[in-house]
$ cat model_38.json   # JSON, C-alpha atoms
[["chain", "number", "residue", "atom", "x", "y", "z"],
["A", 1, "MET", "CA", -12.77, -15.75, 1.10],
["A", 2, "ALA", "CA", -16.30, -15.10, 2.25],
["A", 3, "LEU", "CA", -16.18, -11.55, 3.47],
["A", 4, "GLY", "CA", -19.69, -10.48, 2.57],
["A", 5, "THR", "CA", -19.44, -6.91, 1.35],
["A", 6, "ALA", "CA", -15.67, -6.89, 1.11],
["A", 7, "THR", "CA", -13.98, -5.26, -1.81],
["A", 8, "ALA", "CA", -13.50, -7.77, -4.60],
["A", 9, "PRO", "CA", -10.01, -9.31, -4.44],
["A", 10, "TYR", "CA", -9.06, -7.81, -7.81],
["A", 11, "ASP", "CA", -9.74, -4.33, -6.43],
["A", 12, "LEU", "CA", -7.12, -4.67, -3.72],
["A", 13, "ARG", "CA", -3.58, -4.24, -4.96],
["A", 14, "PHE", "CA", -0.39, -5.29, -3.26],
["A", 15, "ASP", "CA", 2.19, -4.41, -5.91],
["A", 16, "ALA", "CA", 3.59, -1.11, -4.66],
["A", 17, "GLY", "CA", 6.59, -2.76, -3.01],
["A", 18, "ARG", "CA", 5.92, -1.76, 0.61],
["A", 19, "ILE", "CA", 2.99, -2.22, 2.97],
["A", 20, "CYS", "CA", 2.72, 1.52, 3.60],
["A", 21, "LEU", "CA", 2.60, 2.20, -0.17],
["A", 22, "ASP", "CA", -0.03, -0.52, -0.60],
["A", 23, "LEU", "CA", -2.05, 1.34, 2.04],
["A", 24, "LEU", "CA", -1.77, 4.54, 0.00],
["A", 25, "ALA", "CA", -3.02, 2.64, -3.08],
["A", 26, "THR", "CA", -6.31, 1.90, -1.32],
["A", 27, "THR", "CA", -7.64, 5.32, -2.40],
["A", 28, "HIS", "CA", -7.49, 4.61, -6.15],
["A", 29, "PRO", "CA", -9.69, 4.68, -8.11],
["A", 30, "GLY", "CA", -12.02, 4.99, -5.11],
["A", 31, "GLU", "CA", -12.06, 4.25, -1.41],
["A", 32, "HIS", "CA", -11.19, 0.59, -0.74],
["A", 33, "LEU", "CA", -11.22, 0.76, 3.06],
["A", 34, "GLY", "CA", -14.78, 1.93, 3.50],
["A", 35, "SER", "CA", -15.95, -1.16, 5.35],
["A", 36, "LEU", "CA", -14.64, -3.50, 8.00],
["A", 37, "PRO", "CA", -14.71, -6.57, 5.71],
["A", 38, "ALA", "CA", -12.71, -4.68, 3.07],
["A", 39, "LEU", "CA", -10.15, -3.61, 5.68],
["A", 40, "CYS", "CA", -9.84, -7.18, 6.99],
["A", 41, "ALA", "CA", -9.25, -8.38, 3.42],
["A", 42, "TRP", "CA", -6.56, -5.70, 3.02],
["A", 43, "ILE", "CA", -4.89, -6.58, 6.34],
["A", 44, "THR", "CA", -4.68, -10.24, 5.30],
["A", 45, "GLY", "CA", -3.64, -9.46, 1.72],
["A", 46, "ALA", "CA", -0.91, -7.10, 2.89],
["A", 47, "GLY", "CA", 0.56, -9.87, 5.02],
["A", 48, "LEU", "CA", 0.04, -8.06, 8.31],
["A", 49, "VAL", "CA", -1.43, -11.29, 9.65],
["A", 50, "PRO", "CA", -0.81, -14.88, 8.55],
["A", 51, "PRO", "CA", -3.40, -16.34, 6.15],
["A", 52, "GLY", "CA", -6.39, -17.71, 8.00],
["A", 53, "THR", "CA", -5.98, -15.41, 11.00],
["A", 54, "ALA", "CA", -9.39, -14.62, 12.43],
["A", 55, "LEU", "CA", -10.11, -10.93, 12.74],
["A", 56, "THR", "CA", -13.51, -11.41, 14.33],
["A", 57, "HIS", "CA", -12.59, -9.04, 17.16],
["A", 58, "ALA", "CA", -12.16, -6.13, 14.70],
["A", 59, "ASP", "CA", -14.81, -3.46, 14.97],
["A", 60, "ALA", "CA", -16.12, -0.43, 13.09],
["A", 61, "SER", "CA", -13.43, 1.82, 14.63],
["A", 62, "TRP", "CA", -10.68, 0.08, 12.64],
["A", 63, "PRO", "CA", -11.29, 1.43, 9.09],
["A", 64, "PRO", "CA", -11.21, 5.12, 10.14],
["A", 65, "ARG", "CA", -7.99, 4.53, 12.07],
["A", 66, "PHE", "CA", -6.30, 2.97, 9.02],
["A", 67, "ARG", "CA", -7.60, 5.77, 6.79],
["A", 68, "GLU", "CA", -6.20, 8.30, 9.27],
["A", 69, "LEU", "CA", -2.76, 6.63, 9.16],
["A", 70, "ARG", "CA", -2.95, 6.67, 5.36],
["A", 71, "GLU", "CA", -3.68, 10.42, 5.46],
["A", 72, "HIS", "CA", -0.53, 10.97, 7.53],
["A", 73, "ILE", "CA", 1.75, 8.75, 5.44],
["A", 74, "ASP", "CA", 0.62, 10.26, 2.12],
["A", 75, "PRO", "CA", 2.12, 13.77, 2.47],
["A", 76, "LEU", "CA", 5.36, 12.34, 3.84],
["A", 77, "VAL", "CA", 5.81, 10.01, 0.85],
["A", 78, "ARG", "CA", 4.73, 12.61, -1.71],
["A", 79, "ALA", "CA", 7.13, 15.13, -0.19],
["A", 80, "GLN", "CA", 9.96, 12.68, -0.90],
["A", 81, "LEU", "CA", 8.85, 12.38, -4.54],
["A", 82, "ALA", "CA", 8.69, 16.14, -5.01],
["A", 83, "ALA", "CA", 11.81, 16.93, -2.96],
["A", 84, "ASP", "CA", 9.43, 19.02, -0.85],
["A", 85, "VAL", "CA", 11.26, 20.42, 2.16],
["A", 86, "ARG", "CA", 8.13, 21.26, 4.14],
["A", 87, "PRO", "CA", 8.36, 19.31, 7.38],
["A", 88, "HIS", "CA", 4.77, 17.96, 7.61],
["A", 89, "ASP", "CA", 5.35, 17.90, 11.37],
["A", 90, "ARG", "CA", 1.85, 16.82, 12.36],
["A", 91, "ALA", "CA", 1.86, 13.86, 9.97],
["A", 92, "LEU", "CA", 5.38, 12.86, 10.99],
["A", 93, "ALA", "CA", 4.56, 13.06, 14.69],
["A", 94, "ARG", "CA", 1.50, 10.85, 14.26],
["A", 95, "VAL", "CA", 3.36, 8.22, 12.21],
["A", 96, "ASN", "CA", 6.17, 8.20, 14.79],
["A", 97, "ASP", "CA", 3.68, 7.86, 17.66],
["A", 98, "LEU", "CA", 2.02, 4.88, 16.01],
["A", 99, "ALA", "CA", 5.38, 3.29, 15.14],
["A", 100, "CYS", "CA", 6.34, 3.27, 18.84],
["A", 101, "LEU", "CA", 3.71, 0.67, 19.66],
["A", 102, "ALA", "CA", 4.53, -3.02, 19.44],
["A", 103, "PRO", "CA", 3.44, -4.77, 16.23],
["A", 104, "PRO", "CA", 1.65, -8.14, 16.45],
["A", 105, "ALA", "CA", 3.86, -10.79, 18.07],
["A", 106, "PRO", "CA", 4.52, -13.77, 15.78],
["A", 107, "ARG", "CA", 5.11, -17.34, 16.90],
["A", 108, "ALA", "CA", 6.39, -20.37, 15.02],
["A", 109, "VAL", "CA", 4.25, -23.46, 15.55],
["A", 110, "ARG", "CA", 4.19, -26.89, 13.97],
["A", 111, "ALA", "CA", 1.55, -27.51, 11.33],
["A", 112, "GLY", "CA", -0.10, -30.90, 10.90],
["A", 113, "ASP", "CA", 2.66, -32.01, 8.52],
["A", 114, "GLY", "CA", 5.40, -31.00, 10.96],
["A", 115, "THR", "CA", 6.54, -27.84, 9.12],
["A", 116, "LEU", "CA", 6.82, -24.57, 11.00],
["A", 117, "VAL", "CA", 4.21, -21.94, 10.24],
["A", 118, "ARG", "CA", 3.75, -18.40, 11.49],
["A", 119, "VAL", "CA", 0.81, -17.57, 13.73],
["A", 120, "LEU", "CA", 0.20, -14.65, 16.03],
["A", 121, "ALA", "CA", 0.54, -14.96, 19.79],
["A", 122, "GLY", "CA", -3.01, -13.66, 20.14],
["A", 123, "PRO", "CA", -5.66, -11.69, 18.29],
["A", 124, "PRO", "CA", -3.89, -8.62, 16.85],
["A", 125, "ALA", "CA", -5.04, -5.30, 18.24],
["A", 126, "CYS", "CA", -5.75, -2.50, 15.80],
["A", 127, "ALA", "CA", -2.95, -0.43, 17.36],
["A", 128, "ALA", "CA", -0.48, -3.27, 16.79],
["A", 129, "LEU", "CA", -1.44, -3.54, 13.11],
["A", 130, "LEU", "CA", -1.21, 0.23, 12.69],
["A", 131, "ALA", "CA", 2.23, 0.06, 14.32],
["A", 132, "ALA", "CA", 3.41, -2.45, 11.71],
["A", 133, "VAL", "CA", 2.35, -0.14, 8.87],
["A", 134, "ALA", "CA", 3.77, 2.96, 10.58],
["A", 135, "ARG", "CA", 7.11, 1.21, 11.16],
["A", 136, "ASP", "CA", 7.20, 0.26, 7.49],
["A", 137, "ALA", "CA", 6.67, 3.93, 6.61],
["A", 138, "VAL", "CA", 9.44, 5.02, 9.00],
["A", 139, "ASP", "CA", 11.80, 2.43, 7.48],
["A", 140, "LEU", "CA", 10.97, 3.60, 3.96],
["A", 141, "LEU", "CA", 11.30, 7.31, 4.71],
["A", 142, "THR", "CA", 14.60, 6.97, 6.57],
["A", 143, "ASP", "CA", 16.40, 4.63, 4.16],
["A", 144, "PRO", "CA", 18.01, 6.78, 1.43],
["A", 145, "VAL", "CA", 18.53, 3.86, -0.96],
["A", 146, "THR", "CA", 14.96, 2.62, -0.75],
["A", 147, "ARG", "CA", 13.59, 6.16, -0.73],
["A", 148, "SER", "CA", 15.43, 6.89, -3.99],
["A", 149, "ALA", "CA", 13.41, 4.11, -5.66],
["A", 150, "LEU", "CA", 10.08, 5.85, -4.98],
["A", 151, "ARG", "CA", 8.16, 6.60, -8.18],
["A", 152, "GLN", "CA", 4.79, 8.05, -9.11],
["A", 153, "CYS", "CA", 2.90, 6.09, -11.76],
["A", 154, "ALA", "CA", 3.12, 7.69, -15.22],
["A", 155, "GLY", "CA", -0.40, 6.51, -16.08],
["A", 156, "ASP", "CA", -3.05, 9.10, -16.78],
["A", 157, "ASN", "CA", -4.71, 10.19, -13.52],
["A", 158, "CYS", "CA", -3.01, 7.46, -11.49],
["A", 159, "PRO", "CA", -1.79, 8.66, -8.09],
["A", 160, "ILE", "CA", -0.19, 5.36, -7.05],
["A", 161, "VAL", "CA", 3.33, 5.53, -5.66],
["A", 162, "TYR", "CA", 5.51, 2.44, -5.87],
["A", 163, "LEU", "CA", 9.09, 1.28, -5.40],
["A", 164, "ASP", "CA", 10.94, 0.85, -8.67],
["A", 165, "THR", "CA", 13.09, -2.21, -8.13],
["A", 166, "SER", "CA", 13.37, -2.98, -11.84],
["A", 167, "ARG", "CA", 16.72, -3.38, -13.56],
["A", 168, "GLY", "CA", 17.95, 0.02, -14.59],
["A", 169, "ARG", "CA", 15.14, 1.64, -12.60],
["A", 170, "ARG", "CA", 13.08, 2.24, -15.73],
["A", 171, "ARG", "CA", 9.66, 1.11, -14.53],
["A", 172, "ARG", "CA", 7.05, 3.70, -15.51],
["A", 173, "TRP", "CA", 3.76, 2.33, -14.25],
["A", 174, "CYS", "CA", 2.37, 1.08, -10.97],
["A", 175, "SER", "CA", 1.34, -2.03, -12.88],
["A", 176, "SER", "CA", 2.18, -3.10, -16.40],
["A", 177, "GLU", "CA", -1.14, -4.96, -16.51],
["A", 178, "VAL", "CA", -3.21, -1.97, -15.39],
["A", 179, "CYS", "CA", -1.74, 1.42, -16.28],
["A", 180, "GLY", "CA", 0.88, 0.04, -18.69],
["A", 181, "ASN", "CA", -1.74, -1.82, -20.68],
["A", 182, "ARG", "CA", -3.99, 1.25, -20.73],
["A", 183, "GLU", "CA", -1.10, 3.34, -22.08],
["A", 184, "ARG", "CA", -0.27, 0.76, -24.78],
["A", 185, "VAL", "CA", -3.92, 0.61, -25.89],
["A", 186, "ALA", "CA", -4.13, 4.42, -26.02],
["A", 187, "ARG", "CA", -0.89, 4.59, -28.03],
["A", 188, "HIS", "CA", -2.23, 1.97, -30.47],
["A", 189, "ARG", "CA", -5.47, 3.92, -30.89],
["A", 190, "ARG", "CA", -3.58, 7.14, -31.56],
["A", 191, "ARG", "CA", -1.45, 5.43, -34.23],
["A", 192, "ALA", "CA", -4.53, 3.82, -35.80],
["A", 193, "ALA", "CA", -6.33, 7.21, -35.88],
["A", 194, "LEU", "CA", -3.31, 8.84, -37.55],
["A", 195, "ALA", "CA", -3.14, 6.03, -40.10],
["A", 196, "ARG", "CA", -6.82, 6.55, -40.99],
["A", 197, "ALA", "CA", -6.39, 10.30, -41.36]]
$ encode --input "model_38.json" --output "structure tokens"
Amino acid sequence: MALGTATAPYDLRFDAGRICLDLLATTHPGEHLGSLPALCAWITGAGLVPPGTALTHADASWPPRFRELREHIDPLVRAQLAADVRPHDRALARVNDLACLAPPAPRAVRAGDGTLVRVLAGPPACAALLAAVARDAVDLLTDPVTRSALRQCAGDNCPIVYLDTSRGRRRRWCSSEVCGNRERVARHRRRAALARA
């Protein structure tokens, strides 16, 4: 994907279990939505648009709008983790306002081989894409079963929140390959240091 200055694909993560949680993960370990190409890569990677959808109409106003939505979703999700009863009214009102808008309209069309593929009825507006993420947040926050699966990564200094859909709900890390591996290496080093002492 030739996106010029876009964030490298390995920097963008889509393993939190929900689009709104993947949006929250774009702050760690640094800002991943600092440029329009990086945001377009995230929009495509998150599945907000079908692969190959042109986002050439996107402009420099898009990244700040997605970062603003992220800032409103974050306290609402973290309040659920901490059983925080503060209402976060401003954040909730903004997420609800954005969720009221219509998300991008999909269409099924025939591909060259005759199979049906999803395309959008037209170029997706920023507000429509924000609506899709805001609706995902509303769905997550209002579903008690899904909400009960919210977890904060147990990795050192990792703020990522994810849905634990593992058997027995014993998942500890946002990613076994990232934070889990780091924890296993640290544990091994501690044991090796004790053995040398």
$ residues_near_point --input "model_38.json" --point "(7.6, 4.7, -9.9)" --cutoff "8 Å" --atoms "all atoms listed in the file" --output "list in words"
Ala149, Leu150, Arg151, Gln152, Cys153, Ala154, Val161, Tyr162, Leu163, Asp164, Arg171, Arg172, Trp173 and Cys174 of chain A
$ atom_distance --input "model_38.json" --atom1 "CA of Glu68 in chain A" --atom2 "CA of Thr44 in chain A"
19.0 Å
$ residues_around --input "model_38.json" --residues "Arg118 in chain A" --least-positions-apart "6" --cutoff "12 Å" --atoms "all atoms listed in the file" --output "list of chain:residue names"
A:Gly47, A:Leu48, A:Val49, A:Pro50, A:Pro51, A:Gly52, A:Thr53, A:Pro104, A:Ala105, A:Pro106, A:Arg107, A:Ala108, A:Val109, A:Arg110, A:Ala111
$ atom_distance --input "model_38.json" --atom1 "CA of Ile73 in chain A" --atom2 "CA of Pro103 in chain A"
17.4 Å
$ closest_residue --input "model_38.json" --among "A:Arg135, A:Arg147, A:Arg94, A:Arg182" --to "Gln80 in chain A" --atoms "all atoms listed in the file"
A:Arg147
$ atom_distance --input "model_38.json" --atom1 "CA of Phe14 in chain A" --atom2 "CA of Gly112 in chain A"
29.3 Å
$ residues_around --input "model_38.json" --residues "Thr56 in chain A" --least-positions-apart "5" --cutoff "12 Å" --atoms "all atoms listed in the file" --output "number ranges by chain"
A: 3, 36-37, 40, 62, 123-126
$ residues_around --input "model_38.json" --residues "His32 in chain A" --least-positions-apart "5" --cutoff "8 Å" --atoms "only C-alpha atoms" --output "count of residues only"
7
$ decode --input "model_38.json" --residues "range 8-129 of chain A" --atoms "C-alpha atoms" --output "PDB file, in the first residue's frame"
ATOM      1  CA  ALA A   8       4.088   1.351   8.841  1.00  0.00           C
ATOM      2  CA  PRO A   9       1.505  -1.452   8.685  1.00  0.00           C
ATOM      3  CA  TYR A  10       3.061  -3.216  11.679  1.00  0.00           C
ATOM      4  CA  ASP A  11       2.463  -0.108  13.792  1.00  0.00           C
ATOM      5  CA  LEU A  12      -1.288  -0.232  13.276  1.00  0.00           C
ATOM      6  CA  ARG A  13      -3.031  -2.841  15.378  1.00  0.00           C
ATOM      7  CA  PHE A  14      -6.476  -4.283  14.883  1.00  0.00           C
ATOM      8  CA  ASP A  15      -6.570  -6.911  17.624  1.00  0.00           C
ATOM      9  CA  ALA A  16      -8.582  -5.213  20.361  1.00  0.00           C
ATOM     10  CA  GLY A  17     -11.823  -6.903  19.320  1.00  0.00           C
ATOM     11  CA  ARG A  18     -13.857  -3.811  18.401  1.00  0.00           C
ATOM     12  CA  ILE A  19     -13.322  -0.915  16.017  1.00  0.00           C
ATOM     13  CA  CYS A  20     -13.722   1.644  18.803  1.00  0.00           C
ATOM     14  CA  LEU A  21     -11.083  -0.154  20.905  1.00  0.00           C
ATOM     15  CA  ASP A  22      -8.755  -0.328  17.899  1.00  0.00           C
ATOM     16  CA  LEU A  23      -9.176   3.451  17.651  1.00  0.00           C
ATOM     17  CA  LEU A  24      -8.121   3.800  21.298  1.00  0.00           C
ATOM     18  CA  ALA A  25      -5.027   1.683  20.562  1.00  0.00           C
ATOM     19  CA  THR A  26      -3.807   4.284  18.065  1.00  0.00           C
ATOM     20  CA  THR A  27      -2.245   6.274  20.925  1.00  0.00           C
ATOM     21  CA  HIS A  28       0.244   3.572  21.961  1.00  0.00           C
ATOM     22  CA  PRO A  29       3.182   3.744  22.077  1.00  0.00           C
ATOM     23  CA  GLY A  30       2.811   7.080  20.278  1.00  0.00           C
ATOM     24  CA  GLU A  31       0.334   8.911  18.092  1.00  0.00           C
ATOM     25  CA  HIS A  32      -0.594   6.818  15.036  1.00  0.00           C
ATOM     26  CA  LEU A  33      -3.183   9.186  13.568  1.00  0.00           C
ATOM     27  CA  GLY A  34      -0.942  12.189  13.139  1.00  0.00           C
ATOM     28  CA  SER A  35      -1.226  12.315   9.370  1.00  0.00           C
ATOM     29  CA  LEU A  36      -3.897  11.847   6.746  1.00  0.00           C
ATOM     30  CA  PRO A  37      -2.150   8.859   5.099  1.00  0.00           C
ATOM     31  CA  ALA A  38      -1.873   7.124   8.488  1.00  0.00           C
ATOM     32  CA  LEU A  39      -5.567   7.740   9.176  1.00  0.00           C
ATOM     33  CA  CYS A  40      -6.536   6.405   5.733  1.00  0.00           C
ATOM     34  CA  ALA A  41      -4.462   3.282   6.434  1.00  0.00           C
ATOM     35  CA  TRP A  42      -6.263   2.896   9.771  1.00  0.00           C
ATOM     36  CA  ILE A  43      -9.718   3.408   8.216  1.00  0.00           C
ATOM     37  CA  THR A  44      -9.003   0.679   5.656  1.00  0.00           C
ATOM     38  CA  GLY A  45      -7.337  -1.651   8.170  1.00  0.00           C
ATOM     39  CA  ALA A  46     -10.222  -1.292  10.603  1.00  0.00           C
ATOM     40  CA  GLY A  47     -12.639  -2.393   7.898  1.00  0.00           C
ATOM     41  CA  LEU A  48     -14.588   0.857   7.849  1.00  0.00           C
ATOM     42  CA  VAL A  49     -14.296   0.775   4.072  1.00  0.00           C
ATOM     43  CA  PRO A  50     -13.837  -2.191   1.732  1.00  0.00           C
ATOM     44  CA  PRO A  51     -10.250  -2.877   0.623  1.00  0.00           C
ATOM     45  CA  GLY A  52      -9.278  -0.745  -2.339  1.00  0.00           C
ATOM     46  CA  THR A  53     -11.737   2.050  -1.522  1.00  0.00           C
ATOM     47  CA  ALA A  54     -10.265   5.350  -2.635  1.00  0.00           C
ATOM     48  CA  LEU A  55     -10.119   7.962   0.083  1.00  0.00           C
ATOM     49  CA  THR A  56      -8.711  10.663  -2.164  1.00  0.00           C
ATOM     50  CA  HIS A  57     -11.420  13.086  -1.042  1.00  0.00           C
ATOM     51  CA  ALA A  58     -10.178  12.946   2.578  1.00  0.00           C
ATOM     52  CA  ASP A  59      -8.545  16.121   3.796  1.00  0.00           C
ATOM     53  CA  ALA A  60      -6.443  17.420   6.678  1.00  0.00           C
ATOM     54  CA  SER A  61      -9.547  17.960   8.851  1.00  0.00           C
ATOM     55  CA  TRP A  62     -10.106  14.200   9.177  1.00  0.00           C
ATOM     56  CA  PRO A  63      -7.298  13.182  11.585  1.00  0.00           C
ATOM     57  CA  PRO A  64      -8.229  15.763  14.267  1.00  0.00           C
ATOM     58  CA  ARG A  65     -11.870  14.674  14.076  1.00  0.00           C
ATOM     59  CA  PHE A  66     -10.936  11.014  14.625  1.00  0.00           C
ATOM     60  CA  ARG A  67      -8.592  11.972  17.464  1.00  0.00           C
ATOM     61  CA  GLU A  68     -11.416  13.988  19.033  1.00  0.00           C
ATOM     62  CA  LEU A  69     -13.769  10.981  18.867  1.00  0.00           C
ATOM     63  CA  ARG A  70     -11.027   8.853  20.423  1.00  0.00           C
ATOM     64  CA  GLU A  71     -10.725  11.372  23.277  1.00  0.00           C
ATOM     65  CA  HIS A  72     -14.453  11.034  23.962  1.00  0.00           C
ATOM     66  CA  ILE A  73     -14.591   7.233  23.767  1.00  0.00           C
ATOM     67  CA  ASP A  74     -11.562   6.747  26.031  1.00  0.00           C
ATOM     68  CA  PRO A  75     -13.045   7.964  29.351  1.00  0.00           C
ATOM     69  CA  LEU A  76     -16.275   6.080  28.692  1.00  0.00           C
ATOM     70  CA  VAL A  77     -14.451   2.779  28.147  1.00  0.00           C
ATOM     71  CA  ARG A  78     -12.026   3.303  31.027  1.00  0.00           C
ATOM     72  CA  ALA A  79     -14.925   4.145  33.340  1.00  0.00           C
ATOM     73  CA  GLN A  80     -16.387   0.713  32.557  1.00  0.00           C
ATOM     74  CA  LEU A  81     -13.078  -0.957  33.449  1.00  0.00           C
ATOM     75  CA  ALA A  82     -12.793   0.892  36.745  1.00  0.00           C
ATOM     76  CA  ALA A  83     -16.502   0.694  37.627  1.00  0.00           C
ATOM     77  CA  ASP A  84     -16.315   4.493  37.673  1.00  0.00           C
ATOM     78  CA  VAL A  85     -19.767   5.964  38.222  1.00  0.00           C
ATOM     79  CA  ARG A  86     -18.880   9.453  37.016  1.00  0.00           C
ATOM     80  CA  PRO A  87     -21.180  10.187  34.093  1.00  0.00           C
ATOM     81  CA  HIS A  88     -18.668  11.725  31.628  1.00  0.00           C
ATOM     82  CA  ASP A  89     -21.665  13.585  30.207  1.00  0.00           C
ATOM     83  CA  ARG A  90     -19.750  15.671  27.662  1.00  0.00           C
ATOM     84  CA  ALA A  91     -17.998  12.632  26.187  1.00  0.00           C
ATOM     85  CA  LEU A  92     -21.210  10.609  26.142  1.00  0.00           C
ATOM     86  CA  ALA A  93     -23.159  13.412  24.466  1.00  0.00           C
ATOM     87  CA  ARG A  94     -20.535  13.773  21.736  1.00  0.00           C
ATOM     88  CA  VAL A  95     -20.377  10.031  21.035  1.00  0.00           C
ATOM     89  CA  ASN A  96     -24.184   9.881  20.911  1.00  0.00           C
ATOM     90  CA  ASP A  97     -24.326  12.890  18.559  1.00  0.00           C
ATOM     91  CA  LEU A  98     -21.863  11.273  16.171  1.00  0.00           C
ATOM     92  CA  ALA A  99     -23.638   7.903  16.359  1.00  0.00           C
ATOM     93  CA  CYS A 100     -26.874   9.527  15.128  1.00  0.00           C
ATOM     94  CA  LEU A 101     -25.406  10.165  11.698  1.00  0.00           C
ATOM     95  CA  ALA A 102     -25.690   7.552   8.973  1.00  0.00           C
ATOM     96  CA  PRO A 103     -22.628   5.330   8.471  1.00  0.00           C
ATOM     97  CA  PRO A 104     -21.331   4.706   4.933  1.00  0.00           C
ATOM     98  CA  ALA A 105     -23.934   2.918   2.788  1.00  0.00           C
ATOM     99  CA  PRO A 106     -22.716  -0.445   1.479  1.00  0.00           C
ATOM    100  CA  ARG A 107     -23.759  -2.057  -1.789  1.00  0.00           C
ATOM    101  CA  ALA A 108     -23.271  -5.578  -3.101  1.00  0.00           C
ATOM    102  CA  VAL A 109     -21.946  -5.674  -6.660  1.00  0.00           C
ATOM    103  CA  ARG A 110     -20.668  -8.432  -8.898  1.00  0.00           C
ATOM    104  CA  ALA A 111     -16.917  -8.776  -9.216  1.00  0.00           C
ATOM    105  CA  GLY A 112     -15.273  -9.893 -12.455  1.00  0.00           C
ATOM    106  CA  ASP A 113     -15.607 -13.548 -11.429  1.00  0.00           C
ATOM    107  CA  GLY A 114     -19.314 -13.173 -10.657  1.00  0.00           C
ATOM    108  CA  THR A 115     -19.016 -13.230  -6.844  1.00  0.00           C
ATOM    109  CA  LEU A 116     -20.652 -10.503  -4.794  1.00  0.00           C
ATOM    110  CA  VAL A 117     -18.346  -7.987  -3.165  1.00  0.00           C
ATOM    111  CA  ARG A 118     -19.025  -5.055  -0.881  1.00  0.00           C
ATOM    112  CA  VAL A 119     -18.451  -1.528  -2.131  1.00  0.00           C
ATOM    113  CA  LEU A 120     -19.703   1.786  -0.862  1.00  0.00           C
ATOM    114  CA  ALA A 121     -22.518   3.666  -2.580  1.00  0.00           C
ATOM    115  CA  GLY A 122     -20.233   6.680  -2.858  1.00  0.00           C
ATOM    116  CA  PRO A 123     -17.121   8.212  -1.342  1.00  0.00           C
ATOM    117  CA  PRO A 124     -17.553   7.969   2.448  1.00  0.00           C
ATOM    118  CA  ALA A 125     -17.818  11.277   4.255  1.00  0.00           C
ATOM    119  CA  CYS A 126     -15.751  11.761   7.382  1.00  0.00           C
ATOM    120  CA  ALA A 127     -18.940  12.152   9.438  1.00  0.00           C
ATOM    121  CA  ALA A 128     -20.226   8.806   8.143  1.00  0.00           C
ATOM    122  CA  LEU A 129     -16.996   7.034   9.127  1.00  0.00           C
TER     123      LEU A 129
END
